[in-house]
file query-v2.json (JSON, C-alpha atoms)
[["chain", "number", "residue", "atom", "x", "y", "z"],
["A", 361, "MET", "CA", 91.06, 127.91, 104.64],
["A", 362, "SER", "CA", 92.17, 124.32, 104.09],
["A", 363, "SER", "CA", 90.83, 122.49, 101.07],
["A", 364, "ILE", "CA", 87.39, 120.94, 101.45],
["A", 365, "LYS", "CA", 87.13, 117.16, 101.20],
["A", 366, "VAL", "CA", 83.91, 115.20, 100.75],
["A", 367, "GLU", "CA", 83.98, 111.46, 101.38],
["A", 368, "CYS", "CA", 81.35, 108.75, 101.69],
["A", 369, "VAL", "CA", 81.92, 107.31, 105.18],
["A", 370, "ILE", "CA", 78.75, 105.27, 105.80],
["A", 371, "LYS", "CA", 78.13, 102.98, 102.84],
["A", 372, "GLN", "CA", 74.83, 101.69, 104.21],
["A", 373, "LYS", "CA", 72.18, 102.96, 101.81],
["A", 374, "ASN", "CA", 69.19, 104.62, 103.39],
["A", 375, "GLN", "CA", 65.93, 105.12, 101.53],
["A", 376, "ILE", "CA", 65.71, 108.43, 103.39],
["A", 377, "GLY", "CA", 68.64, 108.99, 105.74],
["A", 378, "GLU", "CA", 67.83, 111.75, 108.24],
["A", 379, "SER", "CA", 68.36, 113.29, 111.68],
["A", 380, "PRO", "CA", 72.14, 112.85, 112.09],
["A", 381, "VAL", "CA", 73.42, 113.46, 115.64],
["A", 382, "TRP", "CA", 77.03, 113.12, 116.78],
["A", 383, "GLU", "CA", 77.67, 111.18, 120.00],
["A", 384, "GLU", "CA", 80.97, 112.40, 121.35],
["A", 385, "LYS", "CA", 81.34, 109.77, 124.09],
["A", 386, "ASP", "CA", 81.90, 106.93, 121.63],
["A", 387, "SER", "CA", 82.68, 108.85, 118.41],
["A", 388, "SER", "CA", 79.48, 107.63, 116.79],
["A", 389, "LEU", "CA", 76.89, 109.08, 114.42],
["A", 390, "LEU", "CA", 73.25, 108.45, 115.22],
["A", 391, "TYR", "CA", 70.69, 108.70, 112.40],
["A", 392, "VAL", "CA", 67.44, 107.26, 111.04],
["A", 393, "ASP", "CA", 66.22, 105.79, 107.78],
["A", 394, "ILE", "CA", 62.65, 107.08, 107.65],
["A", 395, "MET", "CA", 61.23, 104.70, 105.08],
["A", 396, "GLY", "CA", 63.56, 101.88, 106.12],
["A", 397, "LYS", "CA", 62.03, 102.13, 109.62],
["A", 398, "ARG", "CA", 65.28, 101.95, 111.56],
["A", 399, "VAL", "CA", 67.49, 103.89, 113.91],
["A", 400, "SER", "CA", 71.22, 103.34, 113.39],
["A", 401, "ARG", "CA", 74.50, 104.06, 115.14],
["A", 402, "TRP", "CA", 77.72, 104.16, 113.16],
["A", 403, "ASN", "CA", 80.95, 103.93, 115.13],
["A", 404, "SER", "CA", 83.56, 106.03, 113.35],
["A", 405, "LEU", "CA", 86.43, 104.18, 115.06],
["A", 406, "THR", "CA", 85.34, 100.63, 114.16],
["A", 407, "ASN", "CA", 83.21, 101.45, 111.09],
["A", 408, "LYS", "CA", 80.50, 99.17, 112.54],
["A", 409, "ILE", "CA", 76.77, 99.92, 112.23],
["A", 410, "ASP", "CA", 74.20, 98.82, 114.80],
["A", 411, "SER", "CA", 70.50, 99.31, 114.05],
["A", 412, "ILE", "CA", 67.14, 98.93, 115.77],
["A", 413, "ALA", "CA", 63.94, 98.50, 113.76],
["A", 414, "THR", "CA", 60.97, 100.77, 114.41],
["A", 415, "GLU", "CA", 57.30, 99.93, 114.07],
["A", 416, "LYS", "CA", 56.39, 102.88, 111.86],
["A", 417, "LEU", "CA", 58.12, 105.54, 109.78],
["A", 418, "VAL", "CA", 60.66, 107.21, 112.05],
["A", 419, "GLY", "CA", 61.34, 110.91, 111.43],
["A", 420, "SER", "CA", 64.05, 111.75, 113.96],
["A", 421, "VAL", "CA", 66.11, 110.55, 116.92],
["A", 422, "VAL", "CA", 67.78, 112.46, 119.76],
["A", 423, "PRO", "CA", 69.92, 111.47, 122.76],
["A", 424, "ARG", "CA", 68.28, 111.24, 126.18],
["A", 425, "GLN", "CA", 70.15, 112.51, 129.23],
["A", 426, "ALA", "CA", 68.97, 109.56, 131.35],
["A", 427, "GLY", "CA", 70.38, 107.14, 128.75],
["A", 428, "GLY", "CA", 69.12, 105.77, 125.47],
["A", 429, "TYR", "CA", 67.27, 107.88, 122.94],
["A", 430, "VAL", "CA", 63.95, 109.48, 122.07],
["A", 431, "ILE", "CA", 62.38, 109.08, 118.64],
["A", 432, "ALA", "CA", 59.56, 110.85, 116.83],
["A", 433, "GLU", "CA", 57.95, 107.92, 115.05],
["A", 434, "GLY", "CA", 54.61, 107.65, 113.27],
["A", 435, "THR", "CA", 52.42, 109.85, 115.46],
["A", 436, "ARG", "CA", 54.16, 109.25, 118.79],
["A", 437, "PHE", "CA", 57.19, 110.15, 120.84],
["A", 438, "ALA", "CA", 58.92, 107.01, 122.13],
["A", 439, "PHE", "CA", 61.91, 106.04, 124.27],
["A", 440, "VAL", "CA", 64.52, 103.68, 122.80],
["A", 441, "ASP", "CA", 66.49, 101.47, 125.20],
["A", 442, "TRP", "CA", 69.48, 100.44, 123.11],
["A", 443, "VAL", "CA", 70.67, 97.80, 125.59],
["A", 444, "LYS", "CA", 67.28, 96.09, 125.87],
["A", 445, "ARG", "CA", 66.52, 96.74, 122.17],
["A", 446, "SER", "CA", 63.12, 98.09, 123.16],
["A", 447, "VAL", "CA", 60.90, 100.97, 122.03],
["A", 448, "LYS", "CA", 58.26, 102.33, 124.43],
["A", 449, "THR", "CA", 55.63, 105.03, 123.82],
["A", 450, "VAL", "CA", 56.10, 108.20, 125.88],
["A", 451, "ALA", "CA", 53.38, 110.38, 124.37],
["A", 452, "PRO", "CA", 51.02, 109.78, 121.45],
["A", 453, "VAL", "CA", 50.24, 112.76, 119.23],
["A", 454, "ASP", "CA", 46.99, 111.73, 117.52],
["A", 455, "ASP", "CA", 45.15, 114.48, 115.70],
["A", 456, "LYS", "CA", 41.80, 112.94, 114.77],
["A", 457, "GLU", "CA", 41.18, 115.73, 112.24],
["A", 458, "LYS", "CA", 44.47, 115.03, 110.45],
["A", 459, "PRO", "CA", 44.90, 111.26, 110.40],
["A", 460, "ASN", "CA", 47.27, 111.08, 107.42],
["A", 461, "THR", "CA", 50.33, 112.63, 109.05],
["A", 462, "ARG", "CA", 53.65, 111.42, 110.44],
["A", 463, "PHE", "CA", 56.55, 112.84, 112.37],
["A", 464, "ASN", "CA", 59.53, 114.17, 110.44],
["A", 465, "ASP", "CA", 62.63, 116.07, 111.58],
["A", 466, "GLY", "CA", 63.27, 116.92, 115.23],
["A", 467, "LYS", "CA", 65.91, 118.31, 117.60],
["A", 468, "VAL", "CA", 66.39, 119.10, 121.29],
["A", 469, "ASP", "CA", 66.36, 122.73, 122.38],
["A", 470, "PRO", "CA", 68.97, 124.22, 124.79],
["A", 471, "ALA", "CA", 66.58, 123.63, 127.73],
["A", 472, "GLY", "CA", 66.16, 119.91, 127.01],
["A", 473, "ARG", "CA", 62.78, 119.90, 125.24],
["A", 474, "PHE", "CA", 62.41, 117.68, 122.15],
["A", 475, "PHE", "CA", 60.92, 119.63, 119.24],
["A", 476, "ALA", "CA", 59.61, 117.59, 116.29],
["A", 477, "GLY", "CA", 57.27, 118.38, 113.43],
["A", 478, "THR", "CA", 54.80, 116.48, 111.30],
["A", 479, "MET", "CA", 53.86, 116.38, 107.63],
["A", 480, "GLY", "CA", 51.05, 115.05, 105.48],
["A", 481, "LEU", "CA", 51.73, 111.59, 104.07],
["A", 482, "ASP", "CA", 50.61, 112.61, 100.57],
["A", 483, "MET", "CA", 52.84, 115.76, 100.51],
["A", 484, "LYS", "CA", 50.45, 117.86, 98.44],
["A", 485, "PRO", "CA", 51.75, 121.45, 98.26],
["A", 486, "ASP", "CA", 48.33, 122.94, 98.98],
["A", 487, "VAL", "CA", 47.74, 120.83, 102.11],
["A", 488, "THR", "CA", 48.92, 122.18, 105.49],
["A", 489, "ASP", "CA", 48.16, 119.26, 107.79],
["A", 490, "GLY", "CA", 51.55, 119.38, 109.49],
["A", 491, "ALA", "CA", 52.38, 120.90, 112.87],
["A", 492, "LEU", "CA", 55.32, 121.48, 115.21],
["A", 493, "TYR", "CA", 55.26, 119.92, 118.68],
["A", 494, "SER", "CA", 57.52, 119.88, 121.71],
["A", 495, "LEU", "CA", 57.88, 117.01, 124.17],
["A", 496, "LEU", "CA", 58.53, 118.57, 127.57],
["A", 497, "PRO", "CA", 60.68, 116.97, 130.27],
["A", 498, "ASP", "CA", 57.49, 115.95, 132.15],
["A", 499, "HIS", "CA", 56.40, 113.99, 129.02],
["A", 500, "SER", "CA", 53.57, 116.38, 128.17],
["A", 501, "VAL", "CA", 53.25, 117.63, 124.59],
["A", 502, "VAL", "CA", 52.72, 121.22, 123.41],
["A", 503, "GLN", "CA", 51.70, 122.17, 119.88],
["A", 504, "GLN", "CA", 53.91, 125.10, 118.88],
["A", 505, "LEU", "CA", 52.77, 125.68, 115.29],
["A", 506, "ASP", "CA", 50.01, 124.42, 113.01],
["A", 507, "LYS", "CA", 49.18, 124.77, 109.30],
["A", 508, "VAL", "CA", 52.62, 123.47, 108.31],
["A", 509, "HIS", "CA", 53.22, 121.89, 104.89],
["A", 510, "LEU", "CA", 56.24, 119.70, 105.62],
["A", 511, "SER", "CA", 57.97, 120.32, 108.95],
["A", 512, "ASN", "CA", 61.71, 119.97, 108.62],
["A", 513, "GLY", "CA", 64.98, 121.53, 109.79],
["A", 514, "LEU", "CA", 65.19, 123.31, 113.13],
["A", 515, "GLU", "CA", 67.90, 125.02, 115.15],
["A", 516, "TRP", "CA", 68.47, 127.65, 117.84],
["A", 517, "SER", "CA", 70.74, 130.69, 117.80],
["A", 518, "LEU", "CA", 73.85, 130.57, 119.97],
["A", 519, "ASP", "CA", 72.28, 133.00, 122.48],
["A", 520, "HIS", "CA", 69.08, 130.85, 122.53],
["A", 521, "ARG", "CA", 66.91, 133.85, 121.65],
["A", 522, "ILE", "CA", 66.02, 132.85, 118.08],
["A", 523, "PHE", "CA", 64.47, 129.65, 116.73],
["A", 524, "TYR", "CA", 65.23, 128.85, 113.08],
["A", 525, "TYR", "CA", 62.74, 126.68, 111.23],
["A", 526, "ILE", "CA", 62.16, 125.13, 107.82],
["A", 527, "ASP", "CA", 58.76, 124.28, 106.40],
["A", 528, "SER", "CA", 60.16, 122.68, 103.25],
["A", 529, "LEU", "CA", 57.35, 123.53, 100.85],
["A", 530, "ALA", "CA", 57.49, 127.20, 101.84],
["A", 531, "PHE", "CA", 60.99, 127.16, 100.26],
["A", 532, "MET", "CA", 62.57, 129.36, 102.90],
["A", 533, "VAL", "CA", 64.29, 129.44, 106.28],
["A", 534, "GLN", "CA", 62.22, 131.24, 108.90],
["A", 535, "ALA", "CA", 63.10, 132.73, 112.27],
["A", 536, "PHE", "CA", 61.03, 133.20, 115.43],
["A", 537, "ASP", "CA", 61.75, 134.97, 118.67],
["A", 538, "TYR", "CA", 62.35, 132.19, 121.21],
["A", 539, "ASP", "CA", 61.50, 132.18, 124.90],
["A", 540, "ILE", "CA", 63.91, 129.70, 126.47],
["A", 541, "GLN", "CA", 61.92, 129.69, 129.72],
["A", 542, "THR", "CA", 58.61, 128.64, 128.15],
["A", 543, "GLY", "CA", 59.65, 127.26, 124.76],
["A", 544, "GLY", "CA", 57.26, 129.74, 123.16],
["A", 545, "LEU", "CA", 57.60, 131.09, 119.60],
["A", 546, "SER", "CA", 56.62, 134.55, 118.30],
["A", 547, "ASN", "CA", 57.35, 137.13, 115.59],
["A", 548, "CYS", "CA", 57.82, 134.88, 112.53],
["A", 549, "ARG", "CA", 59.92, 136.28, 109.69],
["A", 550, "MET", "CA", 61.88, 135.02, 106.68],
["A", 551, "VAL", "CA", 65.67, 134.92, 106.89],
["A", 552, "TYR", "CA", 66.50, 133.19, 103.59],
["A", 553, "LYS", "CA", 64.52, 132.48, 100.42],
["A", 554, "MET", "CA", 65.72, 129.50, 98.39],
["A", 555, "GLU", "CA", 67.00, 130.11, 94.86],
["A", 556, "LYS", "CA", 65.33, 127.94, 92.22],
["A", 557, "ASP", "CA", 68.38, 125.69, 91.70],
["A", 558, "GLU", "CA", 68.69, 125.16, 95.48],
["A", 559, "CYS", "CA", 65.40, 123.23, 95.33],
["A", 560, "ILE", "CA", 63.90, 122.13, 98.67],
["A", 561, "PRO", "CA", 65.33, 123.14, 102.07],
["A", 562, "ASP", "CA", 65.56, 120.12, 104.39],
["A", 563, "GLY", "CA", 67.56, 119.60, 107.60],
["A", 564, "MET", "CA", 69.96, 122.16, 109.08],
["A", 565, "CYS", "CA", 72.48, 122.86, 111.82],
["A", 566, "ILE", "CA", 74.46, 125.80, 113.20],
["A", 567, "ASP", "CA", 78.19, 126.51, 113.56],
["A", 568, "THR", "CA", 80.07, 128.34, 116.29],
["A", 569, "GLU", "CA", 79.90, 131.57, 114.27],
["A", 570, "GLY", "CA", 76.09, 131.47, 114.31],
["A", 571, "LYS", "CA", 75.79, 130.62, 110.62],
["A", 572, "LEU", "CA", 73.29, 128.00, 109.40],
["A", 573, "TRP", "CA", 74.08, 124.96, 107.24],
["A", 574, "VAL", "CA", 71.06, 123.89, 105.20],
["A", 575, "ALA", "CA", 70.79, 120.62, 103.25],
["A", 576, "CYS", "CA", 69.02, 121.05, 99.90],
["A", 577, "PHE", "CA", 66.89, 118.08, 98.83],
["A", 578, "ASP", "CA", 67.05, 117.40, 95.07],
["A", 579, "ALA", "CA", 69.93, 119.89, 94.70],
["A", 580, "GLY", "CA", 72.87, 117.81, 95.98],
["A", 581, "ARG", "CA", 74.32, 120.53, 98.15],
["A", 582, "VAL", "CA", 74.54, 122.12, 101.58],
["A", 583, "LEU", "CA", 74.39, 125.91, 101.93],
["A", 584, "ARG", "CA", 76.03, 128.05, 104.57],
["A", 585, "ILE", "CA", 73.71, 130.97, 105.31],
["A", 586, "ASP", "CA", 74.11, 134.11, 107.38],
["A", 587, "PRO", "CA", 70.70, 134.44, 109.10],
["A", 588, "GLN", "CA", 71.45, 138.04, 110.09],
["A", 589, "THR", "CA", 71.87, 139.27, 106.53],
["A", 590, "GLY", "CA", 69.92, 136.59, 104.63],
["A", 591, "THR", "CA", 72.88, 135.91, 102.36],
["A", 592, "ARG", "CA", 74.39, 132.64, 101.17],
["A", 593, "LEU", "CA", 78.04, 132.49, 102.15],
["A", 594, "GLN", "CA", 79.08, 129.10, 100.78],
["A", 595, "THR", "CA", 77.84, 126.10, 98.80],
["A", 596, "VAL", "CA", 79.20, 122.57, 99.28],
["A", 597, "LYS", "CA", 78.28, 120.12, 96.52],
["A", 598, "LEU", "CA", 77.64, 116.44, 97.33],
["A", 599, "PRO", "CA", 77.68, 113.38, 95.00],
["A", 600, "ALA", "CA", 74.03, 112.63, 95.85],
["A", 601, "THR", "CA", 71.19, 114.90, 94.72],
["A", 602, "LYS", "CA", 68.83, 114.03, 97.56],
["A", 603, "THR", "CA", 70.81, 115.57, 100.43],
["A", 604, "THR", "CA", 68.57, 115.50, 103.50],
["A", 605, "SER", "CA", 70.24, 116.81, 106.66],
["A", 606, "CYS", "CA", 73.52, 117.66, 108.33],
["A", 607, "CYS", "CA", 75.26, 117.94, 111.69],
["A", 608, "PHE", "CA", 78.73, 118.71, 112.93],
["A", 609, "GLY", "CA", 80.77, 115.97, 114.58],
["A", 610, "GLY", "CA", 84.17, 114.37, 114.75],
["A", 611, "LYS", "CA", 87.15, 115.82, 116.58],
["A", 612, "ASP", "CA", 86.23, 119.28, 117.95],
["A", 613, "TYR", "CA", 83.04, 119.12, 115.85],
["A", 614, "SER", "CA", 85.03, 120.25, 112.81],
["A", 615, "ASP", "CA", 83.52, 117.74, 110.34],
["A", 616, "LEU", "CA", 80.10, 118.13, 108.75],
["A", 617, "TYR", "CA", 78.15, 114.88, 108.36],
["A", 618, "VAL", "CA", 75.52, 114.90, 105.62],
["A", 619, "THR", "CA", 72.78, 112.29, 105.17],
["A", 620, "SER", "CA", 71.09, 111.52, 101.86],
["A", 621, "ALA", "CA", 68.29, 109.52, 100.26],
["A", 622, "CYS", "CA", 67.98, 107.18, 97.29],
["A", 623, "ILE", "CA", 64.19, 106.83, 97.27],
["A", 624, "ASP", "CA", 62.43, 107.35, 93.92],
["A", 625, "LEU", "CA", 65.68, 107.31, 91.94],
["A", 626, "ASP", "CA", 65.46, 105.14, 88.83],
["A", 627, "ALA", "CA", 68.20, 102.81, 87.61],
["A", 628, "ASP", "CA", 69.71, 105.49, 85.39],
["A", 629, "ALA", "CA", 69.91, 108.03, 88.23],
["A", 630, "LEU", "CA", 71.37, 105.44, 90.62],
["A", 631, "ALA", "CA", 74.03, 104.54, 88.04],
["A", 632, "LYS", "CA", 75.03, 108.21, 87.85],
["A", 633, "GLN", "CA", 75.14, 108.63, 91.65],
["A", 634, "PRO", "CA", 76.05, 105.25, 93.17],
["A", 635, "GLU", "CA", 76.51, 106.82, 96.62],
["A", 636, "ALA", "CA", 72.92, 108.10, 96.83],
["A", 637, "GLY", "CA", 71.48, 107.13, 100.22],
["A", 638, "CYS", "CA", 74.93, 107.03, 101.84],
["A", 639, "THR", "CA", 76.24, 109.40, 104.53],
["A", 640, "PHE", "CA", 79.09, 111.80, 103.80],
["A", 641, "LYS", "CA", 81.75, 113.55, 105.84],
["A", 642, "VAL", "CA", 82.84, 117.03, 104.77],
["A", 643, "SER", "CA", 86.18, 118.09, 106.26],
["A", 644, "GLY", "CA", 88.36, 121.17, 105.84],
["A", 645, "LEU", "CA", 85.51, 123.67, 106.15],
["A", 646, "GLY", "CA", 87.43, 125.81, 108.62],
["A", 647, "VAL", "CA", 84.46, 126.10, 110.99],
["A", 648, "LYS", "CA", 83.16, 124.02, 113.88],
["A", 649, "GLY", "CA", 79.76, 123.06, 115.21],
["A", 650, "ILE", "CA", 78.40, 122.74, 118.74],
["A", 651, "PRO", "CA", 77.55, 119.56, 120.68],
["A", 652, "PRO", "CA", 73.91, 118.45, 120.48],
["A", 653, "TYR", "CA", 71.56, 118.90, 123.44],
["A", 654, "SER", "CA", 69.95, 115.91, 125.15],
["A", 655, "TYR", "CA", 66.32, 115.47, 126.11],
["A", 656, "THR", "CA", 66.07, 115.88, 129.90],
["A", 657, "GLY", "CA", 62.88, 113.90, 130.58]]
call {"tool": "encode", "arguments": {"input": "query-v2.json", "output": "structure tokens"}}
result
Amino acid sequence: MSSIKVECVIKQKNQIGESPVWEEKDSSLLYVDIMGKRVSRWNSLTNKIDSIATEKLVGSVVPRQAGGYVIAEGTRFAFVDWVKRSVKTVAPVDDKEKPNTRFNDGKVDPAGRFFAGTMGLDMKPDVTDGALYSLLPDHSVVQQLDKVHLSNGLEWSLDHRIFYYIDSLAFMVQAFDYDIQTGGLSNCRMVYKMEKDECIPDGMCIDTEGKLWVACFDAGRVLRIDPQTGTRLQTVKLPATKTTSCCFGGKDYSDLYVTSACIDLDADALAKQPEAGCTFKVSGLGVKGIPPYSYTG
């Protein structure tokens, strides 16, 4: 295996950088700053960043097959027209019984549905006000799970038969049987329990060998996990403790892009990790990822 290299490639500091997605057609990385209320595109060839402001806290962004993007923002799904610089509601997700929630991480499944989960704004460990929803191609919304603490990373197995999911405050990676025809979930089980020093599981992605890469918030690392055996295969350390999510991109999807946060870090912590909130590229891992799916609605 070639030697692993970690470099800070996007110097723009995000309060909470999240939801990285590689766009192959123009060699760009798409991502959000949740608390900064913006969606950004970084062109790896020109090193230029273009951003669009959102109205509310934006948890995730995904590409749309018809052009533009879809975001899970506040308590709604919305279309983003990058050319017109506009954001338009597709489907509100207002739970009157749980008013203090917002969307967090999301991703498109292999059939073109946009899955995104919510979390309570106060993030109390004993409160399960979050849920997992899917935006179908006809713009209708299905609630897939409820009683979630803090909905986060999500991914599908290479054969599309398993859905991997992270509820951060459960401190584990879970798996469900997945019905690609209906988008239905069943048979929940644990595939990996976090070690104490791995802190909080956040965003994740999958490589071409079917192994999961999990960003560990407050632990400054990304783990490579074998979901079949429940074992940790590799740990990649980052120069920012609040690592939030990851995706493969670059040439042949051989680079791992890792977002981070700088929120709630005091002056002393920021002095020790000046690249907190930046986005990193990890190269030389010896594995590749798969292209992201696009929302088909």
call {"tool": "residues_around", "arguments": {"input": "query-v2.json", "residues": "Cys559 of chain A", "least_positions_apart": "2", "cutoff": "9 Å", "atoms": "all atoms listed in the file", "output": "NGL selection string"}}
result
:A and (531 or 554-557 or 561 or 576-579)
call {"tool": "closest_residue", "arguments": {"input": "query-v2.json", "among": "A:Leu510, A:Leu518, A:Val502, A:Val430", "to": "Gly544 of chain A", "atoms": "only C-alpha atoms"}}
result
A:Val502
call {"tool": "atom_distance", "arguments": {"input": "query-v2.json", "atom1": "atom CA of Gln425 of chain A", "atom2": "atom CA of Lys385 of chain A"}}
result
12.6 Å
call {"tool": "residues_around", "arguments": {"input": "query-v2.json", "residues": "segment 598-609 of chain A", "least_positions_apart": "4", "cutoff": "9 Å", "atoms": "all atoms listed in the file", "output": "PyMOL selection string"}}
result
chain A and resi 366+368+376-384+387-389+513+561-567+573-582+613-623+633-638+640+648-652
call {"tool": "residues_around", "arguments": {"input": "query-v2.json", "residues": "Ile585 of chain A", "least_positions_apart": "6", "cutoff": "9 Å", "atoms": "only C-alpha atoms", "output": "list in words"}}
result
Tyr552, Lys571, Leu572, Trp573, Val574, Thr591, Arg592, Leu593 and Gln594 of chain A
call {"tool": "residues_around", "arguments": {"input": "query-v2.json", "residues": "Lys553 of chain A", "least_positions_apart": "2", "cutoff": "9 Å", "atoms": "only C-alpha atoms", "output": "list in words"}}
result
Ala530, Phe531, Met532, Val533, Gln534, Met550, Val551, Glu555 and Gly590 of chain A
call {"tool": "residues_around", "arguments": {"input": "query-v2.json", "residues": "Gly570 of chain A", "least_positions_apart": "5", "cutoff": "9 Å", "atoms": "only C-alpha atoms", "output": "JSON, numbers by chain"}}
result
{"A": [517, 518, 586, 587]}
call {"tool": "closest_residue", "arguments": {"input": "query-v2.json", "among": "A:Ser420, A:Thr461, A:Ser511, A:Gln372", "to": "Asn407 of chain A", "atoms": "only C-alpha atoms"}}
result
A:Gln372
call {"tool": "atom_distance", "arguments": {"input": "query-v2.json", "atom1": "atom CA of Asp498 of chain A", "atom2": "atom CA of Gly657 of chain A"}}
result
6.0 Å
call {"tool": "atom_distance", "arguments": {"input": "query-v2.json", "atom1": "atom CA of Leu417 of chain A", "atom2": "atom CA of Lys507 of chain A"}}
result
21.2 Å
call {"tool": "closest_residue", "arguments": {"input": "query-v2.json", "among": "A:Ala629, A:Leu405, A:Ile540, A:Ala491", "to": "Tyr525 of chain A", "atoms": "only C-alpha atoms"}}
result
A:Ala491
call {"tool": "closest_residue", "arguments": {"input": "query-v2.json", "among": "A:Met395, A:Leu496, A:Ile431, A:Ile409", "to": "Val369 of chain A", "atoms": "all atoms listed in the file"}}
result
A:Ile409
call {"tool": "closest_residue", "arguments": {"input": "query-v2.json", "among": "A:Ala631, A:Leu529, A:Leu495, A:Met479", "to": "Pro459 of chain A", "atoms": "all atoms listed in the file"}}
result
A:Met479
call {"tool": "closest_residue", "arguments": {"input": "query-v2.json", "among": "A:Asp612, A:Ala471, A:Glu515, A:Asp455", "to": "Gly490 of chain A", "atoms": "all atoms listed in the file"}}
result
A:Asp455
call {"tool": "residues_near_point", "arguments": {"input": "query-v2.json", "point": "(66.3, 118.8, 123.1)", "cutoff": "6 Å", "atoms": "only C-alpha atoms", "output": "number ranges by chain"}}
result
A: 467-469, 472-474, 653-655
